[in-house]
file protein-v1.csv (CSV, C-alpha atoms)
chain,number,residue,atom,x,y,z
A,1,MET,CA,128.8,-201.9,-8.1
A,2,SER,CA,131.3,-203.1,-5.5
A,3,THR,CA,134.4,-201.3,-4.6
A,4,VAL,CA,137.9,-202.9,-4.2
A,5,HIS,CA,138.2,-203.6,-0.5
A,6,THR,CA,141.5,-205.3,0.0
A,7,SER,CA,144.0,-207.7,-1.6
A,8,LEU,CA,145.1,-211.2,-1.1
A,9,SER,CA,148.1,-213.1,-2.3
A,10,SER,CA,147.5,-216.0,-4.7
A,11,SER,CA,149.6,-218.3,-2.4
A,12,GLU,CA,147.4,-217.3,0.6
A,13,LEU,CA,144.3,-218.2,-1.4
A,14,LEU,CA,145.6,-221.4,-2.9
A,15,ASP,CA,147.8,-222.8,-0.1
A,16,ASN,CA,145.9,-221.6,3.0
A,17,LEU,CA,142.3,-220.5,2.5
A,18,LEU,CA,141.1,-223.1,0.0
A,19,PRO,CA,142.4,-226.0,2.2
A,20,LYS,CA,140.7,-224.4,5.2
A,21,LEU,CA,137.5,-224.2,3.3
A,22,LYS,CA,137.8,-227.9,2.4
A,23,ALA,CA,138.5,-228.8,6.0
A,24,THR,CA,135.4,-226.9,7.1
A,25,GLU,CA,133.3,-228.7,4.5
A,26,ASN,CA,134.7,-232.0,5.7
A,27,PHE,CA,133.8,-231.2,9.3
A,28,LEU,CA,130.3,-230.3,8.2
A,29,HIS,CA,129.7,-233.4,6.1
A,30,ASP,CA,131.7,-236.0,8.0
A,31,THR,CA,131.6,-235.0,11.7
A,32,LEU,CA,128.6,-232.8,12.2
A,33,SER,CA,126.3,-234.9,10.0
A,34,VAL,CA,127.2,-238.1,11.9
A,35,LYS,CA,126.7,-236.4,15.3
A,36,LEU,CA,123.3,-235.2,14.1
A,37,GLU,CA,122.3,-238.6,12.9
A,38,CYS,CA,123.3,-240.3,16.1
A,39,CYS,CA,121.9,-237.7,18.5
A,40,ALA,CA,118.9,-238.9,20.5
A,41,GLU,CA,118.4,-235.8,22.7
A,42,PRO,CA,115.8,-233.5,21.0
A,43,ARG,CA,117.3,-230.2,22.2
A,44,GLU,CA,120.9,-231.1,21.2
A,45,ARG,CA,119.6,-232.5,17.9
A,46,LEU,CA,117.9,-229.1,17.2
A,47,ARG,CA,121.1,-227.3,18.1
A,48,LEU,CA,123.2,-229.4,15.8
A,49,ALA,CA,120.6,-229.1,12.9
A,50,ASN,CA,120.7,-225.3,13.3
A,51,LEU,CA,124.5,-225.3,13.4
A,52,GLN,CA,124.6,-227.5,10.2
A,53,THR,CA,122.2,-225.1,8.4
A,54,GLU,CA,124.2,-222.1,9.5
A,55,PHE,CA,127.4,-223.7,8.2
A,56,GLU,CA,125.8,-224.8,4.9
A,57,LEU,CA,124.4,-221.3,4.2
A,58,GLU,CA,127.7,-219.6,5.0
A,59,ILE,CA,129.6,-222.1,2.8
A,60,ALA,CA,127.2,-221.5,-0.1
A,61,MET,CA,127.8,-217.7,0.1
A,62,ILE,CA,131.6,-218.3,0.3
A,63,ARG,CA,131.5,-220.6,-2.7
A,64,MET,CA,129.5,-218.1,-4.8
A,65,ASN,CA,131.9,-215.3,-4.1
A,66,LEU,CA,135.0,-217.5,-4.5
A,67,ALA,CA,133.7,-218.5,-7.9
A,68,HIS,CA,133.5,-214.9,-8.9
A,69,LEU,CA,137.1,-214.2,-7.6
A,70,LEU,CA,138.4,-217.3,-9.4
A,71,ARG,CA,136.7,-216.4,-12.7
A,72,ARG,CA,138.1,-212.9,-12.5
A,73,TYR,CA,141.7,-214.1,-12.0
A,74,SER,CA,141.5,-217.5,-13.8
A,75,GLU,CA,144.4,-216.8,-16.2
A,76,GLU,CA,146.7,-215.3,-13.6
A,77,LEU,CA,146.0,-218.2,-11.2
A,78,VAL,CA,146.7,-220.8,-13.9
A,79,ASP,CA,150.0,-219.0,-14.6
A,80,VAL,CA,150.9,-219.0,-10.9
A,81,THR,CA,150.0,-222.7,-10.3
A,82,GLY,CA,151.8,-223.8,-13.4
A,83,ALA,CA,154.9,-221.7,-12.8
A,84,ARG,CA,158.2,-222.9,-11.8
A,85,GLU,CA,159.5,-222.2,-8.3
A,86,GLY,CA,160.6,-218.6,-7.8
A,87,LYS,CA,157.7,-217.1,-9.8
A,88,PRO,CA,156.5,-214.0,-7.9
A,89,ASP,CA,153.2,-214.3,-6.1
A,90,ILE,CA,150.4,-212.1,-7.4
A,91,LEU,CA,148.0,-209.9,-5.5
A,92,LEU,CA,144.3,-210.4,-6.1
A,93,ALA,CA,142.2,-207.3,-5.5
A,94,LEU,CA,139.1,-208.3,-3.6
A,95,ASP,CA,135.7,-206.6,-4.0
A,96,ASP,CA,133.5,-206.2,-0.9
A,97,HIS,CA,131.7,-209.5,-1.3
A,98,GLU,CA,134.9,-211.4,-2.0
A,99,ALA,CA,136.5,-209.8,1.1
A,100,VAL,CA,133.6,-210.9,3.2
A,101,ALA,CA,133.9,-214.5,1.8
A,102,ILE,CA,137.6,-214.6,2.7
A,103,LYS,CA,136.9,-213.4,6.3
A,104,SER,CA,134.1,-216.0,6.5
A,105,ILE,CA,136.5,-218.8,5.5
A,106,ARG,CA,138.8,-217.8,8.3
A,107,ARG,CA,136.0,-217.4,10.8
A,108,LEU,CA,134.2,-220.7,10.0
A,109,TYR,CA,137.5,-222.6,10.1
A,110,ALA,CA,138.3,-221.2,13.5
A,111,ARG,CA,134.8,-222.2,14.7
A,112,THR,CA,135.1,-225.7,13.5
A,113,HIS,CA,138.5,-226.0,15.1
A,114,GLU,CA,137.1,-224.7,18.3
A,115,LEU,CA,134.2,-227.1,18.2
A,116,GLN,CA,136.5,-230.0,17.6
A,117,THR,CA,138.9,-229.1,20.4
A,118,SER,CA,136.3,-228.0,23.0
A,119,THR,CA,133.9,-230.9,22.5
A,120,GLY,CA,136.4,-233.6,21.6
A,121,TRP,CA,134.8,-234.1,18.2
A,122,SER,CA,137.1,-235.3,15.5
A,123,SER,CA,136.6,-236.1,11.8
A,124,THR,CA,135.4,-239.6,11.1
call {"tool": "encode", "arguments": {"input": "protein-v1.csv", "output": "structure tokens"}}
result
Amino acid sequence: MSTVHTSLSSSELLDNLLPKLKATENFLHDTLSVKLECCAEPRERLRLANLQTEFELEIAMIRMNLAHLLRRYSEELVDVTGAREGKPDILLALDDHEAVAIKSIRRLYARTHELQTSTGWSST
């Protein structure tokens, strides 16, 4: 059984991390896929394919653990999102797997941002 690792505010999850996950998925599906399809150099094509696979596996793990977190706090999150302004934020206690998923979102987002700025890639 997992132990509680840390906590996360509902606003951090809803307003920051979920949009970052979506941006990472957009990069994977829009930018990286197009670069891979257009790449003619075998070595670079292999590098891009490996990068794509790595991102896809990481996102699958993140989604699985986020689904668990969202199921556990579904009622509370519905209350928070449907609340009027001024309703206090809630803290979500994360188990070990959920905490790893949250760290992975931040890390993958940083990697995609770094790839886009260092290589000049942009979303299509």
call {"tool": "atom_distance", "arguments": {"input": "protein-v1.csv", "atom1": "CA of Thr81 in chain A", "atom2": "CA of Asp15 in chain A"}}
result
10.4 Å
call {"tool": "residues_around", "arguments": {"input": "protein-v1.csv", "residues": "Phe55 in chain A", "least_positions_apart": "3", "cutoff": "9 Å", "atoms": "only C-alpha atoms", "output": "list in words"}}
result
Thr24, Glu25, Leu28, Asn50, Leu51, Gln52, Glu58, Ile59, Ala60 and Leu108 of chain A
call {"tool": "closest_residue", "arguments": {"input": "protein-v1.csv", "among": "A:Leu14, A:Ser74, A:Asn65, A:Ala40", "to": "Ala101 in chain A", "atoms": "only C-alpha atoms"}}
result
A:Asn65
call {"tool": "atom_distance", "arguments": {"input": "protein-v1.csv", "atom1": "CA of Leu70 in chain A", "atom2": "CA of Glu56 in chain A"}}
result
20.5 Å
call {"tool": "residues_around", "arguments": {"input": "protein-v1.csv", "residues": "Thr112 in chain A", "least_positions_apart": "3", "cutoff": "9 Å", "atoms": "all atoms listed in the file", "output": "ChimeraX atom specification"}}
result
/A:23-24,27-28,107-109,115-117
call {"tool": "atom_distance", "arguments": {"input": "protein-v1.csv", "atom1": "CA of Val78 in chain A", "atom2": "CA of Ser10 in chain A"}}
result
10.4 Å
call {"tool": "residues_around", "arguments": {"input": "protein-v1.csv", "residues": "range 86-96 of chain A", "least_positions_apart": "5", "cutoff": "12 Å", "atoms": "all atoms listed in the file", "output": "ChimeraX atom specification"}}
result
/A:1-15,65-66,68-81,101-103
call {"tool": "closest_residue", "arguments": {"input": "protein-v1.csv", "among": "A:Ile105, A:Ala49, A:Ile62, A:Leu17", "to": "Val34 in chain A", "atoms": "all atoms listed in the file"}}
result
A:Ala49
call {"tool": "closest_residue", "arguments": {"input": "protein-v1.csv", "among": "A:Ala110, A:Leu18, A:Leu48, A:Met61", "to": "Glu98 in chain A", "atoms": "all atoms listed in the file"}}
result
A:Met61
call {"tool": "closest_residue", "arguments": {"input": "protein-v1.csv", "among": "A:Leu32, A:His113, A:Lys22, A:Glu41", "to": "Glu54 in chain A", "atoms": "all atoms listed in the file"}}
result
A:Leu32
